[in-house]
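> Just work_1.cif, nothing more (mmCIF, C-alpha atoms):
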data_target
loop_
_atom_site.group_PDB
_atom_site.id
_atom_site.type_symbol
_atom_site.label_atom_id
_atom_site.label_comp_id
_atom_site.auth_asym_id
_atom_site.auth_seq_id
_atom_site.Cartn_x
_atom_site.Cartn_y
_atom_site.Cartn_z
ATOM 1 C CA MET O 296 -3.886 -22.638 -24.149
ATOM 2 C CA MET O 297 -2.948 -25.719 -26.120
ATOM 3 C CA GLU O 298 -6.036 -27.541 -24.963
ATOM 4 C CA ASP O 299 -8.283 -24.749 -26.175
ATOM 5 C CA GLN O 300 -6.857 -24.927 -29.671
ATOM 6 C CA ALA O 301 -6.963 -28.677 -29.750
ATOM 7 C CA MET O 302 -10.593 -28.726 -28.697
ATOM 8 C CA SER O 303 -11.890 -25.750 -30.662
ATOM 9 C CA GLY O 304 -14.836 -26.667 -32.810
ATOM 10 C CA GLY O 305 -15.140 -29.988 -31.045
ATOM 11 C CA HIS O 306 -18.203 -29.041 -29.011
ATOM 12 C CA GLN O 307 -21.484 -29.926 -30.676
ATOM 13 C CA THR O 308 -24.149 -27.435 -29.704
ATOM 14 C CA ASP O 309 -27.248 -29.481 -29.163
ATOM 15 C CA GLU O 310 -30.317 -27.391 -28.429
ATOM 16 C CA ASP O 311 -32.633 -30.386 -28.058
ATOM 17 C CA HIS O 312 -31.518 -31.835 -24.771
ATOM 18 C CA GLY O 313 -33.428 -29.739 -22.334
ATOM 19 C CA HIS O 314 -31.066 -27.039 -21.127
ATOM 20 C CA GLU O 315 -29.097 -24.118 -22.510
ATOM 21 C CA HIS O 316 -25.371 -24.004 -22.958
ATOM 22 C CA PRO O 317 -23.544 -20.667 -23.140
ATOM 23 C CA LYS O 318 -23.326 -19.352 -26.703
ATOM 24 C CA HIS O 319 -19.718 -18.133 -26.587
ATOM 25 C CA GLU O 320 -16.752 -20.391 -27.277
ATOM 26 C CA LEU O 321 -16.043 -22.497 -24.215
ATOM 27 C CA SER O 322 -12.666 -23.286 -22.695
ATOM 28 C CA TYR O 323 -11.408 -26.841 -22.567
ATOM 29 C CA TYR O 324 -12.389 -27.184 -18.904
ATOM 30 C CA ALA O 325 -15.827 -25.659 -19.426
ATOM 31 C CA LYS O 326 -16.509 -28.094 -22.267
ATOM 32 C CA ARG O 327 -15.393 -30.949 -20.089
ATOM 33 C CA ILE O 328 -17.646 -29.944 -17.195
ATOM 34 C CA TYR O 329 -20.688 -29.549 -19.497
ATOM 35 C CA ALA O 330 -19.960 -32.975 -20.970
ATOM 36 C CA ILE O 331 -19.797 -34.512 -17.487
ATOM 37 C CA ARG O 332 -23.019 -32.741 -16.496
ATOM 38 C CA ASP O 333 -24.799 -34.056 -19.585
ATOM 39 C CA LEU O 334 -23.609 -37.589 -18.885
ATOM 40 C CA LEU O 335 -24.756 -37.453 -15.254
ATOM 41 C CA LEU O 336 -28.172 -36.208 -16.393
ATOM 42 C CA GLU O 337 -28.486 -38.797 -19.189
ATOM 43 C CA LYS O 338 -27.581 -41.621 -16.850
ATOM 44 C CA GLY O 339 -30.031 -40.355 -14.235
ATOM 45 C CA VAL O 340 -27.369 -39.900 -11.541
ATOM 46 C CA ILE O 341 -28.625 -36.356 -10.904
ATOM 47 C CA THR O 342 -31.571 -34.299 -12.131
ATOM 48 C CA GLU O 343 -31.843 -30.736 -13.444
ATOM 49 C CA LYS O 344 -33.562 -29.862 -10.176
ATOM 50 C CA ASP O 345 -30.582 -31.164 -8.168
ATOM 51 C CA ILE O 346 -28.324 -28.842 -10.151
ATOM 52 C CA GLN O 347 -30.608 -25.823 -9.703
ATOM 53 C CA ASP O 348 -30.997 -26.518 -5.979
ATOM 54 C CA GLN O 349 -27.238 -26.737 -5.581
ATOM 55 C CA ILE O 350 -26.673 -23.503 -7.504
ATOM 56 C CA GLU O 351 -29.231 -21.749 -5.286
ATOM 57 C CA TYR O 352 -27.576 -23.169 -2.164
ATOM 58 C CA GLN O 353 -24.156 -21.967 -3.325
ATOM 59 C CA GLU O 354 -25.483 -18.517 -4.225
ATOM 60 C CA ALA O 355 -27.318 -18.144 -0.916
ATOM 61 C CA ARG O 356 -24.113 -18.254 1.116
ATOM 62 C CA SER O 357 -22.079 -15.107 1.255
ATOM 63 C CA PRO O 358 -19.435 -13.277 3.285
ATOM 64 C CA ALA O 359 -22.353 -11.711 5.182
ATOM 65 C CA ASN O 360 -22.445 -14.913 7.270
ATOM 66 C CA GLY O 361 -18.836 -14.518 8.306
ATOM 67 C CA ALA O 362 -19.287 -10.796 8.965
ATOM 68 C CA LYS O 363 -22.178 -11.569 11.346
ATOM 69 C CA LEU O 364 -19.960 -13.965 13.294
ATOM 70 C CA VAL O 365 -17.103 -11.475 13.521
ATOM 71 C CA ALA O 366 -19.290 -8.523 14.548
ATOM 72 C CA ARG O 367 -20.908 -10.602 17.283
ATOM 73 C CA ALA O 368 -17.481 -11.753 18.488
ATOM 74 C CA TRP O 369 -16.347 -8.111 18.688
ATOM 75 C CA ILE O 370 -19.210 -7.043 20.938
ATOM 76 C CA ASP O 371 -19.638 -10.230 22.987
ATOM 77 C CA PRO O 372 -16.459 -11.729 24.546
ATOM 78 C CA ALA O 373 -18.324 -14.865 25.636
ATOM 79 C CA PHE O 374 -19.460 -15.478 22.071
ATOM 80 C CA LYS O 375 -15.916 -14.856 20.838
ATOM 81 C CA ALA O 376 -14.641 -17.518 23.232
ATOM 82 C CA ARG O 377 -17.253 -19.955 21.927
ATOM 83 C CA LEU O 378 -16.465 -19.060 18.297
ATOM 84 C CA ILE O 379 -12.804 -19.871 18.857
ATOM 85 C CA GLY O 380 -13.432 -22.854 21.140
ATOM 86 C CA ASN O 381 -16.150 -24.546 19.114
ATOM 87 C CA PRO O 382 -16.752 -22.686 15.855
ATOM 88 C CA LYS O 383 -19.432 -24.971 14.456
ATOM 89 C CA ALA O 384 -21.585 -24.657 17.577
ATOM 90 C CA ALA O 385 -21.138 -20.875 17.506
ATOM 91 C CA CYS O 386 -22.281 -20.850 13.876
ATOM 92 C CA ALA O 387 -25.365 -22.886 14.740
ATOM 93 C CA GLU O 388 -26.143 -20.371 17.488
ATOM 94 C CA MET O 389 -26.180 -17.627 14.826
ATOM 95 C CA GLY O 390 -28.317 -19.691 12.456
ATOM 96 C CA ILE O 391 -25.418 -20.450 10.121
ATOM 97 C CA ASP O 392 -25.159 -24.023 8.910
ATOM 98 C CA ALA O 393 -21.504 -25.085 8.978
ATOM 99 C CA THR O 394 -22.212 -28.804 9.241
ATOM 100 C CA SER O 395 -20.829 -29.543 5.780
ATOM 101 C CA ILE O 396 -17.349 -28.525 6.963
ATOM 102 C CA ASN O 397 -15.359 -31.438 8.322
ATOM 103 C CA GLU O 398 -13.547 -29.266 10.852
ATOM 104 C CA PHE O 399 -13.706 -25.508 11.188
ATOM 105 C CA VAL O 400 -10.980 -23.438 12.835
ATOM 106 C CA VAL O 401 -11.094 -19.718 13.655
ATOM 107 C CA LEU O 402 -7.766 -17.828 13.676
ATOM 108 C CA GLU O 403 -7.728 -14.696 15.829
ATOM 109 C CA ASN O 404 -5.679 -11.756 14.633
ATOM 110 C CA THR O 405 -3.934 -9.583 17.224
ATOM 111 C CA GLU O 406 -1.546 -6.622 17.217
ATOM 112 C CA LYS O 407 1.287 -9.151 17.247
ATOM 113 C CA VAL O 408 -0.021 -11.892 14.926
ATOM 114 C CA ARG O 409 -1.771 -11.771 11.555
ATOM 115 C CA HIS O 410 -3.182 -14.861 9.850
ATOM 116 C CA MET O 411 -3.733 -15.392 6.152
ATOM 117 C CA VAL O 412 -5.425 -18.357 4.446
ATOM 118 C CA VAL O 413 -4.642 -20.018 1.132
ATOM 119 C CA CYS O 414 -5.068 -23.407 -0.472
ATOM 120 C CA THR O 415 -1.993 -23.988 -2.608
ATOM 121 C CA LEU O 416 -3.393 -27.273 -3.949
ATOM 122 C CA CYS O 417 -6.777 -26.086 -5.208
ATOM 123 C CA SER O 418 -9.389 -23.741 -3.745
ATOM 124 C CA CYS O 419 -10.347 -25.061 -0.305
ATOM 125 C CA TYR O 420 -12.330 -22.271 1.353
ATOM 126 C CA PRO O 421 -14.904 -22.026 4.167
ATOM 127 C CA ARG O 422 -17.788 -21.847 1.693
ATOM 128 C CA PRO O 423 -20.678 -22.230 4.179
ATOM 129 C CA ILE O 424 -19.337 -19.151 5.989
ATOM 130 C CA LEU O 425 -18.000 -17.022 3.127
ATOM 131 C CA GLY O 426 -19.762 -18.309 0.017
ATOM 132 C CA ARG O 427 -17.767 -18.921 -3.122
ATOM 133 C CA PRO O 428 -14.122 -17.826 -3.143
ATOM 134 C CA PRO O 429 -13.109 -14.827 -5.247
ATOM 135 C CA ASP O 430 -11.339 -15.662 -8.518
ATOM 136 C CA TRP O 431 -8.026 -14.315 -7.259
ATOM 137 C CA TYR O 432 -8.101 -16.810 -4.375
ATOM 138 C CA LYS O 433 -8.045 -19.628 -6.939
ATOM 139 C CA SER O 434 -5.378 -18.040 -9.151
ATOM 140 C CA PHE O 435 -1.906 -19.584 -9.424
ATOM 141 C CA ASN O 436 -0.486 -16.182 -8.645
ATOM 142 C CA TYR O 437 -2.138 -15.938 -5.218
ATOM 143 C CA ARG O 438 -1.615 -19.602 -4.377
ATOM 144 C CA GLN O 439 2.091 -19.298 -5.064
ATOM 145 C CA ARG O 440 2.735 -15.890 -3.535
ATOM 146 C CA ALA O 441 0.596 -16.337 -0.416
ATOM 147 C CA VAL O 442 3.053 -18.888 0.970
ATOM 148 C CA ASN O 443 6.206 -17.382 -0.521
ATOM 149 C CA ASP O 444 5.624 -13.648 -0.077
ATOM 150 C CA PRO O 445 2.594 -13.060 2.167
ATOM 151 C CA ARG O 446 3.713 -9.572 3.148
ATOM 152 C CA GLY O 447 3.944 -8.600 -0.511
ATOM 153 C CA VAL O 448 0.386 -9.848 -1.076
ATOM 154 C CA MET O 449 -0.879 -7.938 1.965
ATOM 155 C CA GLN O 450 0.829 -4.782 0.708
ATOM 156 C CA GLU O 451 -1.101 -5.047 -2.522
ATOM 157 C CA PHE O 452 -4.300 -5.168 -0.471
ATOM 158 C CA GLY O 453 -3.137 -2.028 1.336
ATOM 159 C CA LEU O 454 -1.861 -3.638 4.538
ATOM 160 C CA GLU O 455 1.664 -2.641 5.591
ATOM 161 C CA LEU O 456 2.770 -4.639 8.613
ATOM 162 C CA PRO O 457 5.597 -3.689 10.959
ATOM 163 C CA HIS O 458 8.502 -6.141 10.902
ATOM 164 C CA ASP O 459 7.859 -7.387 14.448
ATOM 165 C CA VAL O 460 4.329 -8.562 13.625
ATOM 166 C CA GLU O 461 4.299 -12.320 12.993
ATOM 167 C CA VAL O 462 2.590 -13.428 9.778
ATOM 168 C CA ARG O 463 1.131 -16.928 9.890
ATOM 169 C CA VAL O 464 0.015 -18.287 6.534
ATOM 170 C CA HIS O 465 -2.299 -21.293 6.727
ATOM 171 C CA ASP O 466 -2.195 -23.591 3.712
ATOM 172 C CA SER O 467 -5.530 -25.417 4.017
ATOM 173 C CA THR O 468 -4.545 -28.603 2.247
ATOM 174 C CA ALA O 469 -6.857 -31.069 3.985
ATOM 175 C CA ASP O 470 -10.096 -31.347 5.980
ATOM 176 C CA ILE O 471 -9.780 -28.128 7.950
ATOM 177 C CA ARG O 472 -11.396 -24.860 6.866
ATOM 178 C CA TYR O 473 -10.042 -21.620 8.312
ATOM 179 C CA LEU O 474 -11.690 -18.292 9.005
ATOM 180 C CA VAL O 475 -9.651 -15.298 10.099
ATOM 181 C CA LEU O 476 -11.160 -13.251 12.928
ATOM 182 C CA PRO O 477 -9.897 -9.740 12.131
ATOM 183 C CA MET O 478 -9.230 -7.167 14.845
ATOM 184 C CA ARG O 479 -11.922 -4.666 15.697
ATOM 185 C CA PRO O 480 -10.800 -1.285 14.376
ATOM 186 C CA GLU O 481 -10.166 1.438 16.924
ATOM 187 C CA GLY O 482 -12.765 4.148 17.377
ATOM 188 C CA THR O 483 -15.739 1.910 16.538
ATOM 189 C CA GLU O 484 -17.247 1.854 20.035
ATOM 190 C CA GLY O 485 -20.271 3.847 18.871
ATOM 191 C CA LEU O 486 -21.241 1.482 16.050
ATOM 192 C CA SER O 487 -24.107 -1.006 16.252
ATOM 193 C CA GLU O 488 -23.571 -4.714 15.602
ATOM 194 C CA THR O 489 -25.078 -4.341 12.124
ATOM 195 C CA GLU O 490 -22.774 -1.421 11.353
ATOM 196 C CA LEU O 491 -19.765 -3.331 12.665
ATOM 197 C CA ALA O 492 -20.587 -6.214 10.327
ATOM 198 C CA ARG O 493 -20.236 -3.778 7.402
ATOM 199 C CA LEU O 494 -16.584 -3.228 8.373
ATOM 200 C CA VAL O 495 -15.879 -6.946 8.019
ATOM 201 C CA THR O 496 -14.909 -7.537 4.411
ATOM 202 C CA ARG O 497 -14.524 -10.931 2.799
ATOM 203 C CA ASP O 498 -10.835 -10.197 2.276
ATOM 204 C CA SER O 499 -10.346 -9.428 5.971
ATOM 205 C CA MET O 500 -11.684 -12.915 6.788
ATOM 206 C CA ILE O 501 -9.221 -14.463 4.310
ATOM 207 C CA GLY O 502 -6.621 -12.383 6.105
ATOM 208 C CA VAL O 503 -5.084 -10.406 3.257
ATOM 209 C CA MET O 504 -6.248 -7.147 4.844
ATOM 210 C CA ASP O 505 -7.645 -5.765 8.087
ATOM 211 C CA ALA O 506 -11.287 -4.875 8.661
ATOM 212 C CA LEU O 507 -12.308 -1.459 7.278
ATOM 213 C CA PRO O 508 -11.465 1.368 9.689
ATOM 214 C CA THR O 509 -14.700 3.249 8.957
ATOM 215 C CA LEU O 510 -18.104 2.529 7.472
ATOM 216 C CA PRO O 511 -18.129 2.313 3.675
ATOM 217 C CA PRO O 512 -20.721 4.406 1.807
ATOM 218 C CA SER O 513 -23.960 2.408 1.755
ATOM 219 C CA MET G 205 -7.228 -21.842 18.317
ATOM 220 C CA GLY G 206 -10.083 -24.041 19.402
ATOM 221 C CA ARG G 207 -10.456 -27.601 20.423
ATOM 222 C CA ALA G 208 -9.055 -30.382 18.315
ATOM 223 C CA VAL G 209 -11.460 -33.090 17.193
ATOM 224 C CA ASN G 210 -9.433 -35.568 19.177
ATOM 225 C CA SER G 211 -5.958 -34.571 20.232
ATOM 226 C CA GLU G 212 -5.358 -37.902 21.979
ATOM 227 C CA VAL G 213 -4.642 -39.694 18.711
ATOM 228 C CA GLY G 214 -1.525 -40.058 16.610
ATOM 229 C CA LYS G 215 2.104 -40.667 17.411
ATOM 230 C CA PHE G 216 3.214 -37.004 17.422
ATOM 231 C CA LYS G 217 2.471 -34.417 20.101
ATOM 232 C CA PRO G 218 2.516 -30.619 19.924
ATOM 233 C CA GLY G 219 6.119 -29.394 19.884
ATOM 234 C CA ASP G 220 7.559 -32.547 18.276
ATOM 235 C CA ARG G 221 9.910 -31.758 15.411
ATOM 236 C CA VAL G 222 9.008 -33.501 12.181
ATOM 237 C CA THR G 223 10.282 -33.716 8.620
ATOM 238 C CA VAL G 224 7.883 -34.020 5.711
ATOM 239 C CA LYS G 225 8.721 -37.055 3.582
ATOM 240 C CA PHE G 226 10.158 -36.287 0.185
ATOM 241 C CA GLU G 227 8.190 -38.690 -1.936
ATOM 242 C CA ASP G 228 6.992 -38.562 -5.484
ATOM 243 C CA ARG G 229 4.072 -40.810 -6.185
ATOM 244 C CA PRO G 230 0.893 -40.544 -8.210
ATOM 245 C CA GLY G 231 -2.586 -40.028 -6.790
ATOM 246 C CA HIS G 232 -4.607 -37.456 -4.891
ATOM 247 C CA ILE G 233 -1.774 -36.209 -2.694
ATOM 248 C CA ARG G 234 -2.594 -33.429 -0.213
ATOM 249 C CA THR G 235 1.022 -32.668 0.691
ATOM 250 C CA PRO G 236 2.212 -29.685 -1.374
ATOM 251 C CA TRP G 237 5.537 -30.026 -3.192
ATOM 252 C CA TYR G 238 7.114 -26.950 -1.634
ATOM 253 C CA ILE G 239 6.886 -28.441 1.858
ATOM 254 C CA ARG G 240 8.234 -31.932 1.086
ATOM 255 C CA GLY G 241 11.605 -32.520 2.707
ATOM 256 C CA LYS G 242 11.175 -29.516 5.036
ATOM 257 C CA THR G 243 11.429 -29.679 8.812
ATOM 258 C CA GLY G 244 9.028 -27.993 11.224
ATOM 259 C CA TRP G 245 7.106 -28.835 14.363
ATOM 260 C CA ILE G 246 3.665 -30.081 15.365
ATOM 261 C CA GLU G 247 1.524 -27.094 16.279
ATOM 262 C CA ARG G 248 -1.719 -28.975 16.892
ATOM 263 C CA VAL G 249 -3.244 -32.432 16.509
ATOM 264 C CA HIS G 250 -6.390 -31.961 14.417
ATOM 265 C CA GLY G 251 -7.628 -35.532 14.917
ATOM 266 C CA ASP G 252 -8.286 -38.587 12.765
ATOM 267 C CA PHE G 253 -9.773 -38.200 9.302
ATOM 268 C CA LEU G 254 -10.618 -40.471 6.388
ATOM 269 C CA ASN G 255 -7.624 -40.712 4.063
ATOM 270 C CA PRO G 256 -8.238 -38.468 1.026
ATOM 271 C CA GLU G 257 -5.688 -40.429 -1.011
ATOM 272 C CA SER G 258 -8.132 -43.342 -0.823
ATOM 273 C CA LEU G 259 -11.428 -41.392 -0.896
ATOM 274 C CA ALA G 260 -10.466 -39.667 -4.143
ATOM 275 C CA PHE G 261 -10.580 -43.014 -5.915
ATOM 276 C CA GLY G 262 -13.960 -44.077 -4.597
ATOM 277 C CA ARG G 263 -12.521 -46.210 -1.824
ATOM 278 C CA ASP G 264 -13.478 -46.116 1.868
ATOM 279 C CA GLY G 265 -10.717 -43.848 3.189
ATOM 280 C CA LEU G 266 -9.836 -46.387 5.885
ATOM 281 C CA PRO G 267 -7.785 -46.668 7.960
ATOM 282 C CA GLN G 268 -8.222 -43.120 9.156
ATOM 283 C CA ARG G 269 -5.100 -40.971 9.298
ATOM 284 C CA THR G 270 -4.141 -38.520 11.998
ATOM 285 C CA LEU G 271 -4.007 -34.977 10.641
ATOM 286 C CA TYR G 272 -1.642 -32.413 12.141
ATOM 287 C CA LEU G 273 -1.159 -28.700 11.870
ATOM 288 C CA VAL G 274 2.564 -28.450 11.157
ATOM 289 C CA ALA G 275 4.398 -25.124 11.481
ATOM 290 C CA PHE G 276 7.478 -24.119 9.515
ATOM 291 C CA ASN G 277 9.646 -21.017 9.680
ATOM 292 C CA GLN G 278 9.309 -19.072 6.425
ATOM 293 C CA SER G 279 13.100 -18.869 6.337
ATOM 294 C CA ASP G 280 13.430 -22.676 6.600
ATOM 295 C CA VAL G 281 10.981 -23.237 3.757
ATOM 296 C CA TRP G 282 12.342 -20.721 1.264
ATOM 297 C CA GLY G 283 15.960 -20.399 2.398
ATOM 298 C CA LYS G 284 15.539 -16.672 2.868
ATOM 299 C CA SER G 285 16.982 -15.370 6.125
ATOM 300 C CA SER G 286 14.596 -12.464 6.528
ATOM 301 C CA GLY G 287 15.022 -12.498 10.286
ATOM 302 C CA SER G 288 11.243 -12.375 10.712
ATOM 303 C CA LYS G 289 9.108 -14.685 12.824
ATOM 304 C CA ASP G 290 6.817 -15.380 9.854
ATOM 305 C CA LYS G 291 5.532 -18.924 9.492
ATOM 306 C CA VAL G 292 3.840 -21.235 7.040
ATOM 307 C CA LEU G 293 1.405 -23.713 8.581
ATOM 308 C CA VAL G 294 0.271 -26.742 6.632
ATOM 309 C CA ASP G 295 -2.207 -29.521 7.444
ATOM 310 C CA ILE G 296 -0.353 -32.801 6.928
ATOM 311 C CA TYR G 297 -1.383 -36.421 7.454
ATOM 312 C CA GLU G 298 0.757 -38.593 9.702
ATOM 313 C CA HIS G 299 1.985 -40.983 6.987
ATOM 314 C CA TRP G 300 3.775 -38.022 5.367
ATOM 315 C CA LEU G 301 5.753 -37.176 8.523
ATOM 316 C CA SER G 302 8.840 -38.657 10.124
ATOM 317 C CA PRO G 303 10.477 -37.641 13.410
ATOM 318 C CA ALA G 304 13.217 -35.039 12.929
#
Will you turn the file into structure tokens for me?


Amino acid sequence: MMEDQAMSGGHQTDEDHGHEHPKHELSYYAKRIYAIRDLLLEKGVITEKDIQDQIEYQEARSPANGAKLVARAWIDPAFKARLIGNPKAACAEMGIDATSINEFVVLENTEKVRHMVVCTLCSCYPRPILGRPPDWYKSFNYRQRAVNDPRGVMQEFGLELPHDVEVRVHDSTADIRYLVLPMRPEGTEGLSETELARLVTRDSMIGVMDALPTLPPS
Amino acid sequence: MGRAVNSEVGKFKPGDRVTVKFEDRPGHIRTPWYIRGKTGWIERVHGDFLNPESLAFGRDGLPQRTLYLVAFNQSDVWGKSSGSKDKVLVDIYEHWLSPA
């Protein structure tokens, strides 16, 4: 990248200001974010502890939250109705804090309709439910192709849809965060709720694939 | 899909046909380029939200703007007549929409 060349060698490694920076050469954007962090710390806007707390909060959230919601919805129709009707309240019921989302919408997949979520503008993602988005979700490639060729993207994730199935791609450009409720795979009647949750992959809640048909090796 | 925050707001109702304004202006715009100038219909009224175009610059985000879920046929957006029912759905604030 042009910016990388222009900035190379411009970053002064200063070991005296209290925290470590990565040793390898940083990209333009990484340098910029470290510079902003240092300024915020120097000016006392935030503290090192604030940063650590936020990192821990981000790391603590994972697709396991979403999988719990989906598995419960599969076994409990009343909960499913609440999850679709008032997702935030349903999250609270399951001990999942979704209050930081402005508005949360659950999209139910059926035999006739599949949903897929993208943010073509940046990387909007239901982080309290799914944790941090995968890198591919933020890539230009996905952001462009998800709206232009969703079936092609799904194919690459192993999902071949019949022509008469309607694909609905949600571009989450604003205050709404979307979670796809995948279909329960056939032949899973004998599985426990915990086992069912293991079928619910992160990617199935973004909507690029269905839930796993059988339990993965543990 | 679940309840809207407040579906009683805004000048458009579900089913209304709308065209996204084709405008080019600077700022924190949440209307993607590929959808500007395209015509679809209101799928759902999400409710009123603080205006991100104002919030992004440290201002108060007021007045609030009504946010809609707007649906478009894939074929209308990309000019491909695939014959499928596939759709693109985008969240768009009212000041970016005009009646079609």

> Applying the PyMOL selection byres ((chain G) within 10 of (chain O)) to the file I just gave you, which residues come out? Please list them as an mmCIF file with C-alpha atoms, in the frame of the given file.


data_model
loop_
_atom_site.group_PDB
_atom_site.id
_atom_site.type_symbol
_atom_site.label_atom_id
_atom_site.label_comp_id
_atom_site.auth_asym_id
_atom_site.auth_seq_id
_atom_site.Cartn_x
_atom_site.Cartn_y
_atom_site.Cartn_z
ATOM 1 C CA MET G 205 -7.228 -21.842 18.317
ATOM 2 C CA GLY G 206 -10.083 -24.041 19.402
ATOM 3 C CA ARG G 207 -10.456 -27.601 20.423
ATOM 4 C CA ALA G 208 -9.055 -30.382 18.315
ATOM 5 C CA VAL G 209 -11.460 -33.090 17.193
ATOM 6 C CA ILE G 233 -1.774 -36.209 -2.694
ATOM 7 C CA ARG G 234 -2.594 -33.429 -0.213
ATOM 8 C CA THR G 235 1.022 -32.668 0.691
ATOM 9 C CA PRO G 236 2.212 -29.685 -1.374
ATOM 10 C CA TRP G 237 5.537 -30.026 -3.192
ATOM 11 C CA TYR G 238 7.114 -26.950 -1.634
ATOM 12 C CA HIS G 250 -6.390 -31.961 14.417
ATOM 13 C CA GLY G 251 -7.628 -35.532 14.917
ATOM 14 C CA PHE G 253 -9.773 -38.200 9.302
ATOM 15 C CA LEU G 254 -10.618 -40.471 6.388
ATOM 16 C CA ASN G 255 -7.624 -40.712 4.063
ATOM 17 C CA PRO G 256 -8.238 -38.468 1.026
ATOM 18 C CA LEU G 271 -4.007 -34.977 10.641
ATOM 19 C CA TYR G 272 -1.642 -32.413 12.141
ATOM 20 C CA LEU G 273 -1.159 -28.700 11.870
ATOM 21 C CA VAL G 274 2.564 -28.450 11.157
ATOM 22 C CA ALA G 275 4.398 -25.124 11.481
ATOM 23 C CA PHE G 276 7.478 -24.119 9.515
ATOM 24 C CA ASN G 277 9.646 -21.017 9.680
ATOM 25 C CA GLN G 278 9.309 -19.072 6.425
ATOM 26 C CA SER G 279 13.100 -18.869 6.337
ATOM 27 C CA VAL G 281 10.981 -23.237 3.757
ATOM 28 C CA TRP G 282 12.342 -20.721 1.264
ATOM 29 C CA LYS G 284 15.539 -16.672 2.868
ATOM 30 C CA SER G 286 14.596 -12.464 6.528
ATOM 31 C CA GLY G 287 15.022 -12.498 10.286
ATOM 32 C CA SER G 288 11.243 -12.375 10.712
ATOM 33 C CA LYS G 289 9.108 -14.685 12.824
ATOM 34 C CA ASP G 290 6.817 -15.380 9.854
ATOM 35 C CA LYS G 291 5.532 -18.924 9.492
ATOM 36 C CA VAL G 292 3.840 -21.235 7.040
ATOM 37 C CA LEU G 293 1.405 -23.713 8.581
ATOM 38 C CA VAL G 294 0.271 -26.742 6.632
ATOM 39 C CA ASP G 295 -2.207 -29.521 7.444
ATOM 40 C CA ILE G 296 -0.353 -32.801 6.928
ATOM 41 C CA TYR G 297 -1.383 -36.421 7.454
#

> In Å, rounded to a single decimal, give me how far CA of Thr270 (chain G) is from CA of Arg240 (chain G).

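Straight-line distance from CA of Arg240 (chain G) to CA of Thr270 (chain G) works out to 17.8 Å.
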
> In Å to one decimal, how far is CA of Asp505 (chain O) from CA of Pro477 (chain O)?

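Going from CA of Pro477 (chain O) over to CA of Asp505 (chain O) covers 6.1 Å.
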
> Using the chain letters and numbering of this document, enumerate as a list in words the residues selected by the PyMOL selection byres ((chain O and resi 474) around 6).

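That expression, the PyMOL selection byres ((chain O and resi 474) around 6), corresponds here to Val401, Tyr473, Val475 and Met500 of chain O.
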
> Please evaluate the PyMOL selection byres ((chain O and resi 390) around 12) against the structure above and give the resulting residues as number ranges by chain.

O: 360-361, 363-364, 383-389, 391-394, 423-424

> Can you write out the residues you just picked, keeping C-alpha atoms, as a compact mmCIF listing (two decimals), in the coordinates of the input?


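Result file is part_26.txt:
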# COMPACT_ATOMS: atom_id res chain seq x y z
CA ASN O 360 -22.44 -14.91 7.27
CA GLY O 361 -18.84 -14.52 8.31
CA LYS O 363 -22.18 -11.57 11.35
CA LEU O 364 -19.96 -13.96 13.29
CA LYS O 383 -19.43 -24.97 14.46
CA ALA O 384 -21.58 -24.66 17.58
CA ALA O 385 -21.14 -20.88 17.51
CA CYS O 386 -22.28 -20.85 13.88
CA ALA O 387 -25.36 -22.89 14.74
CA GLU O 388 -26.14 -20.37 17.49
CA MET O 389 -26.18 -17.63 14.83
CA ILE O 391 -25.42 -20.45 10.12
CA ASP O 392 -25.16 -24.02 8.91
CA ALA O 393 -21.50 -25.08 8.98
CA THR O 394 -22.21 -28.80 9.24
CA PRO O 423 -20.68 -22.23 4.18
CA ILE O 424 -19.34 -19.15 5.99

> Just give me the gap between CA of Pro480 (chain O) and CA of Ala373 (chain O) in Å, one decimal is fine.

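Rounded to one decimal, the two atoms are 19.2 Å apart.
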
> Closest to Leu266 (chain G) among G:Gly231, G:Lys225, G:Leu301, G:Asp252, using only C-alpha atoms?

G:Asp252

> Neighbouring residues of region 242-246 of chain G were defined as those with any atom within 6 Å, considering all atoms listed in the file; residues of the same chain fewer than 5 positions away were excluded. Please report them as a PyMOL selection string.

chain G and resi 218-224+274-276

> Just checking: using all atoms listed in the file, which residue out of G:Asp280, G:Glu247, G:Ile239, G:Phe216 ends up closest to Glu298 (chain G)?

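Closest to Glu298 (chain G), using all atoms listed in the file: G:Phe216.
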
> Using all atoms listed in the file, which of the listed residues (O:Pro512, O:Lys375, O:Thr405, O:Asp498) sits closest to Trp431 (chain O)?

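So, comparing all the options, the nearest one is O:Asp498.
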
> Calculated over all atoms listed in the file, which of the candidates O:Ser357, O:Lys344, O:Trp369, O:Phe374 has the smallest distance to Pro429 (chain O)?

O:Ser357

> Would you be able to write out as an mmCIF file with C-alpha atoms, in the frame of the given file which residues have an atom within 6 Å of (-4.1, -11.2, 4.5) in the file's coordinates, counting only C-alpha atoms?


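Generated file (part_23.cif):
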data_model
loop_
_atom_site.group_PDB
_atom_site.id
_atom_site.type_symbol
_atom_site.label_atom_id
_atom_site.label_comp_id
_atom_site.auth_asym_id
_atom_site.auth_seq_id
_atom_site.Cartn_x
_atom_site.Cartn_y
_atom_site.Cartn_z
ATOM 1 C CA MET O 411 -3.733 -15.392 6.152
ATOM 2 C CA MET O 449 -0.879 -7.938 1.965
ATOM 3 C CA GLY O 502 -6.621 -12.383 6.105
ATOM 4 C CA VAL O 503 -5.084 -10.406 3.257
ATOM 5 C CA MET O 504 -6.248 -7.147 4.844
#
